[in-house]
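Participant: Okay, so here is start_31.tsv, and as you'll see once you scroll down, it has TSV, C-alpha atoms.
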```tsv
chain	number	residue	atom	x	y	z
A	1	MET	CA	-120.11	4.27	-24.40
A	2	ASP	CA	-120.09	8.04	-23.98
A	3	GLY	CA	-117.55	10.16	-25.79
A	4	VAL	CA	-117.33	7.90	-28.87
A	5	ARG	CA	-118.08	9.67	-32.15
A	6	VAL	CA	-118.92	7.38	-35.06
A	7	LEU	CA	-119.58	8.01	-38.75
A	8	VAL	CA	-121.62	5.35	-40.56
A	9	ILE	CA	-121.25	5.43	-44.36
A	10	GLU	CA	-123.82	3.00	-45.74
A	11	ASP	CA	-126.05	3.39	-48.83
A	12	ASP	CA	-128.77	1.08	-47.45
A	13	ARG	CA	-130.68	3.78	-45.55
A	14	GLU	CA	-132.75	1.32	-43.54
A	15	LEU	CA	-129.64	-0.51	-42.37
A	16	ALA	CA	-127.73	2.72	-41.73
A	17	GLU	CA	-130.53	4.19	-39.63
A	18	ALA	CA	-130.94	0.94	-37.70
A	19	ILE	CA	-127.21	0.92	-36.93
A	20	ALA	CA	-127.35	4.56	-35.85
A	21	LEU	CA	-130.33	3.94	-33.59
A	22	GLY	CA	-128.62	1.01	-31.92
A	23	LEU	CA	-125.31	2.83	-31.45
A	24	ARG	CA	-127.06	5.86	-29.96
A	25	ARG	CA	-128.69	3.50	-27.47
A	26	GLU	CA	-125.13	2.53	-26.57
A	27	ARG	CA	-124.55	6.25	-25.83
A	28	MET	CA	-122.41	6.89	-28.91
A	29	ALA	CA	-122.68	10.03	-31.03
A	30	VAL	CA	-123.48	8.94	-34.59
A	31	ASP	CA	-123.51	10.74	-37.95
A	32	LEU	CA	-124.74	9.21	-41.21
A	33	ALA	CA	-123.76	9.43	-44.86
A	34	PHE	CA	-125.43	7.45	-47.64
A	35	ASP	CA	-122.90	7.59	-50.48
A	36	GLY	CA	-119.16	7.76	-51.06
A	37	PRO	CA	-118.72	11.50	-51.75
A	38	SER	CA	-120.76	12.68	-48.76
A	39	GLY	CA	-119.10	10.09	-46.54
A	40	LEU	CA	-115.65	11.27	-47.58
A	41	GLU	CA	-116.64	14.89	-46.95
A	42	HIS	CA	-117.91	14.05	-43.47
A	43	GLY	CA	-114.75	12.09	-42.71
A	44	LEU	CA	-112.44	14.88	-43.85
A	45	VAL	CA	-114.31	17.71	-42.11
A	46	ASN	CA	-115.10	16.09	-38.75
A	47	ASP	CA	-113.01	14.28	-36.16
A	48	TYR	CA	-114.45	10.77	-35.72
A	49	ASP	CA	-113.13	8.03	-33.50
A	50	VAL	CA	-114.45	5.27	-35.75
A	51	ILE	CA	-115.79	5.26	-39.31
A	52	VAL	CA	-118.02	2.32	-40.22
A	53	LEU	CA	-117.52	2.16	-43.99
A	54	ASP	CA	-119.53	0.04	-46.41
A	55	ARG	CA	-117.27	-1.11	-49.22
A	56	ASP	CA	-119.83	-1.05	-52.06
A	57	LEU	CA	-120.94	2.60	-52.16
A	58	PRO	CA	-122.48	4.68	-54.94
A	59	GLY	CA	-120.64	7.74	-56.23
A	60	LEU	CA	-117.27	6.73	-54.80
A	61	HIS	CA	-116.28	3.17	-53.91
A	62	GLY	CA	-115.59	2.44	-50.26
A	63	ASP	CA	-112.03	1.46	-51.15
A	64	ASP	CA	-111.45	4.95	-52.59
A	65	VAL	CA	-113.07	6.62	-49.58
A	66	CYS	CA	-110.74	4.68	-47.28
A	67	ALA	CA	-107.66	5.42	-49.38
A	68	GLN	CA	-108.40	9.15	-49.56
A	69	LEU	CA	-109.04	9.38	-45.81
A	70	ILE	CA	-105.70	7.71	-45.11
A	71	GLN	CA	-103.94	9.92	-47.66
A	72	ALA	CA	-105.42	13.03	-46.01
A	73	GLY	CA	-103.97	11.96	-42.66
A	74	SER	CA	-107.25	11.01	-41.00
A	75	ARG	CA	-106.73	9.53	-37.54
A	76	SER	CA	-110.15	7.86	-37.51
A	77	ARG	CA	-110.19	4.10	-37.17
A	78	VAL	CA	-111.94	2.47	-40.14
A	79	LEU	CA	-114.20	-0.56	-39.79
A	80	MET	CA	-115.02	-1.80	-43.29
A	81	LEU	CA	-118.27	-3.60	-44.06
A	82	THR	CA	-118.86	-5.77	-47.11
A	83	ALA	CA	-121.41	-8.28	-48.36
A	84	ALA	CA	-118.53	-10.39	-49.70
A	85	GLY	CA	-116.79	-12.28	-46.94
A	86	THR	CA	-113.88	-13.86	-48.77
A	87	ILE	CA	-110.36	-13.75	-47.40
A	88	GLN	CA	-109.25	-11.85	-50.51
A	89	ASP	CA	-111.80	-9.09	-49.81
A	90	ARG	CA	-110.53	-8.80	-46.27
A	91	VAL	CA	-106.91	-8.66	-47.37
A	92	GLU	CA	-107.71	-5.96	-49.93
A	93	GLY	CA	-109.66	-3.88	-47.42
A	94	LEU	CA	-106.99	-4.09	-44.75
A	95	GLY	CA	-104.34	-3.39	-47.38
A	96	LEU	CA	-106.01	-0.06	-48.11
A	97	GLY	CA	-105.55	1.00	-44.50
A	98	ALA	CA	-108.79	-0.20	-42.88
A	99	ASP	CA	-108.29	-1.17	-39.24
A	100	ASP	CA	-110.88	-3.93	-39.12
A	101	TYR	CA	-113.29	-5.79	-41.35
A	102	LEU	CA	-116.80	-7.15	-40.76
A	103	PRO	CA	-118.70	-9.19	-43.36
A	104	LYS	CA	-122.46	-8.82	-43.79
A	105	PRO	CA	-124.72	-10.01	-42.31
A	106	PHE	CA	-123.34	-9.36	-38.85
A	107	ALA	CA	-124.63	-9.49	-35.30
A	108	PHE	CA	-125.16	-6.00	-33.89
A	109	ALA	CA	-123.41	-6.97	-30.64
A	110	GLU	CA	-120.30	-7.83	-32.65
A	111	LEU	CA	-120.41	-4.47	-34.44
A	112	VAL	CA	-120.55	-2.68	-31.08
A	113	ALA	CA	-117.68	-4.77	-29.72
A	114	ARG	CA	-115.54	-4.02	-32.80
A	115	ILE	CA	-116.24	-0.28	-32.56
A	116	GLU	CA	-115.41	-0.21	-28.86
A	117	ALA	CA	-112.17	-2.11	-29.47
A	118	LEU	CA	-111.15	0.32	-32.23
A	119	PHE	CA	-111.99	3.27	-29.98
A	120	ARG	CA	-109.80	1.92	-27.19
A	121	ARG	CA	-106.94	1.47	-29.66
A	122	SER	CA	-107.27	5.08	-30.80
A	123	GLN	CA	-107.23	6.59	-27.31
A	124	PRO	CA	-104.47	7.08	-24.76
A	125	ALA	CA	-104.94	4.83	-21.77
A	126	VAL	CA	-107.58	6.25	-19.42
A	127	PRO	CA	-107.80	5.02	-15.84
A	128	PRO	CA	-110.98	2.98	-15.23
A	129	VAL	CA	-111.73	5.31	-12.32
A	130	LEU	CA	-111.38	9.07	-12.79
A	131	ALA	CA	-111.16	11.12	-9.63
A	132	TYR	CA	-110.78	14.65	-8.34
A	133	ASP	CA	-110.94	15.52	-4.65
A	134	GLU	CA	-113.86	13.44	-3.28
A	135	LEU	CA	-115.43	12.95	-6.72
A	136	GLU	CA	-115.04	9.52	-8.33
A	137	LEU	CA	-116.23	8.32	-11.72
A	138	ASP	CA	-116.07	4.60	-12.47
A	139	THR	CA	-116.17	4.52	-16.28
A	140	ALA	CA	-116.43	0.72	-16.49
A	141	ARG	CA	-119.38	0.35	-14.12
A	142	ARG	CA	-120.96	3.68	-15.12
A	143	ARG	CA	-121.08	4.85	-11.50
A	144	ALA	CA	-120.31	8.23	-9.98
A	145	SER	CA	-120.01	9.33	-6.38
A	146	ARG	CA	-118.88	12.30	-4.31
A	147	GLY	CA	-117.75	11.85	-0.75
A	148	GLY	CA	-119.18	8.34	-0.82
A	149	ARG	CA	-122.62	9.61	-1.95
A	150	ALA	CA	-123.87	7.95	-5.15
A	151	LEU	CA	-124.80	10.36	-7.95
A	152	ASP	CA	-127.73	9.63	-10.23
A	153	LEU	CA	-126.44	10.94	-13.58
A	154	GLY	CA	-128.10	10.79	-16.96
A	155	PRO	CA	-126.06	9.65	-20.01
A	156	LYS	CA	-125.23	13.19	-21.16
A	157	GLU	CA	-124.33	14.34	-17.65
A	158	PHE	CA	-122.08	11.31	-17.24
A	159	GLY	CA	-120.45	11.99	-20.61
A	160	VAL	CA	-119.80	15.65	-19.78
A	161	LEU	CA	-118.35	14.78	-16.36
A	162	GLU	CA	-116.14	12.06	-17.89
A	163	MET	CA	-114.71	14.51	-20.42
A	164	LEU	CA	-114.05	17.18	-17.80
A	165	LEU	CA	-112.31	14.76	-15.45
A	166	ALA	CA	-110.28	13.15	-18.26
A	167	ALA	CA	-109.11	16.63	-19.32
A	168	LYS	CA	-107.25	16.94	-15.97
A	169	GLY	CA	-107.77	20.67	-15.53
A	170	ARG	CA	-107.72	21.61	-19.19
A	171	VAL	CA	-110.57	23.85	-20.31
A	172	VAL	CA	-113.07	21.93	-22.45
A	173	SER	CA	-115.14	24.09	-24.78
A	174	ALA	CA	-118.90	23.78	-25.16
A	175	GLU	CA	-118.30	22.99	-28.83
A	176	GLU	CA	-116.03	20.07	-27.93
A	177	LEU	CA	-118.55	18.73	-25.44
A	178	LEU	CA	-121.34	19.06	-28.00
A	179	GLU	CA	-119.27	17.24	-30.63
A	180	ARG	CA	-118.13	14.39	-28.41
A	181	VAL	CA	-121.15	13.75	-26.19
A	182	TRP	CA	-123.90	14.60	-28.68
A	183	ASP	CA	-123.64	14.33	-32.51
A	184	GLU	CA	-124.24	16.40	-35.64
A	185	MET	CA	-128.00	16.15	-35.15
A	186	ALA	CA	-127.53	18.59	-32.26
A	187	ASP	CA	-128.07	22.25	-33.13
A	188	PRO	CA	-124.73	24.08	-32.68
A	189	PHE	CA	-126.67	26.98	-31.17
A	190	THR	CA	-128.48	24.78	-28.70
A	191	THR	CA	-128.27	25.29	-24.95
A	192	ALA	CA	-127.96	21.52	-24.43
A	193	VAL	CA	-124.44	21.74	-23.00
A	194	LYS	CA	-125.31	24.63	-20.70
A	195	VAL	CA	-128.40	22.79	-19.44
A	196	ALA	CA	-126.47	19.53	-18.89
A	197	VAL	CA	-123.71	21.35	-16.99
A	198	SER	CA	-126.30	23.14	-14.87
A	199	ARG	CA	-128.01	19.85	-13.96
A	200	LEU	CA	-124.63	18.27	-13.28
A	201	ARG	CA	-123.65	21.09	-10.92
A	202	ARG	CA	-126.85	20.63	-8.93
A	203	LYS	CA	-126.26	16.90	-8.60
A	204	LEU	CA	-122.61	17.32	-7.61
A	205	GLY	CA	-123.59	19.69	-4.78
A	206	ASP	CA	-121.33	22.04	-2.81
A	207	PRO	CA	-118.66	23.19	-2.85
A	208	PRO	CA	-118.89	23.72	-6.65
A	209	LEU	CA	-116.44	21.69	-8.74
A	210	ILE	CA	-117.15	22.79	-12.32
A	211	GLU	CA	-115.64	26.15	-13.19
A	212	THR	CA	-116.93	28.24	-16.10
A	213	VAL	CA	-114.08	29.93	-17.96
A	214	ALA	CA	-115.46	32.97	-19.79
A	215	GLN	CA	-115.55	32.56	-23.59
A	216	ALA	CA	-113.58	29.33	-23.30
A	217	GLY	CA	-115.60	26.55	-21.68
A	218	TYR	CA	-115.57	24.47	-18.51
A	219	ARG	CA	-113.03	22.68	-16.34
A	220	ILE	CA	-112.60	20.75	-13.13
A	221	GLY	CA	-109.45	21.21	-11.11
A	222	GLY	CA	-107.83	24.01	-13.08
```
Any chance you could put this one into structure tokens?
Facilitator:
Amino acid sequence: MDGVRVLVIEDDRELAEAIALGLRRERMAVDLAFDGPSGLEHGLVNDYDVIVLDRDLPGLHGDDVCAQLIQAGSRSRVLMLTAAGTIQDRVEGLGLGADDYLPKPFAFAELVARIEALFRRSQPAVPPVLAYDELELDTARRRASRGGRALDLGPKEFGVLEMLLAAKGRVVSAEELLERVWDEMADPFTTAVKVAVSRLRRKLGDPPLIETVAQAGYRIGG
């Protein structure tokens, strides 16, 4: 699911890294934190769609992390994880401002479904098919075409094109693309965005659709 940025705050490194690996395979951009203080810092500094928050964290309890994020005005959706699955635990977690709750152990497919549901709740409604001129992008089926010709796009190319079309003519900066389509593991000085846009332009063909706006970014249909 391109364009979804997730923070996983989990002190069990093996579990956290396994979750991150699986979510990245689902085309999500994932950052990791292994204790309460670093998780809170990540959550306050960066704009995440969903924060997967373990309740029992060292340094700062997950309840306190959640409460401080809410107090700071964070718009991230919070999915709280806990090894204790009692109704009282769930009530307490949701009472702190968490948006959803998932007891351990959990099926990975359910975690993905919960994250996707929270992401949809956090976003304005986006048409299942984005279009401009003869270009169509079916976000549900992960298909793209121009003038009826199917386009073979990689995950990053698809993510970039989806963001540009969803922006409806607004200029999207390289930094925004890097943040939303990649994750914090990407070097901010990398040419990844430039390379992806270049490949995308070649695949889209002529006449060119993606405009480069000097010192600002890229847009389609400005």
Participant: Using only C-alpha atoms, which residues sit within 12 Å of Ser198 of chain A once same-chain residues fewer than 6 positions away are excluded, as JSON, numbers by chain?
Facilitator: {"A": [156, 157, 160, 161, 191, 192, 204, 205, 208, 209, 210, 211, 212, 218]}
Participant: Using all atoms listed in the file, find the one residue out of A:Ala16, A:Leu23, A:Leu102, A:Ala72 that sits nearest to Arg55 of chain A.
Facilitator: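 Smallest separation from Arg55 of chain A among the options: A:Leu102.
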Participant: In Å, how far is it from atom CA of Val171 of chain A to atom CA of Ile51 of chain A?
Facilitator: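 Atom CA of Val171 of chain A sits 27.1 Å away from atom CA of Ile51 of chain A.
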Participant: Give me the residues within 10 Å of Ile19 of chain A as a PyMOL selection string, counting all atoms listed in the file and dropping any in the same chain fewer than 5 places off.
Facilitator: chain A and resi 8+10+13-14+24-25+30+32+52+108+111-112
Participant: List the neighbours of Asp11 of chain A out to 10 Å using only C-alpha atoms; skip same-chain residues closer than 4 positions along the sequence, and give me the result as a PyMOL selection string.
Facilitator: chain A and resi 15-16+32-36+39+53-58
Participant: Which is closer to Asp100 of chain A than all the others in A:Lys194, A:Arg141, A:Leu69, A:Val50, using only C-alpha atoms?
Facilitator: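 Closest to Asp100 of chain A of all the choices is A:Val50.
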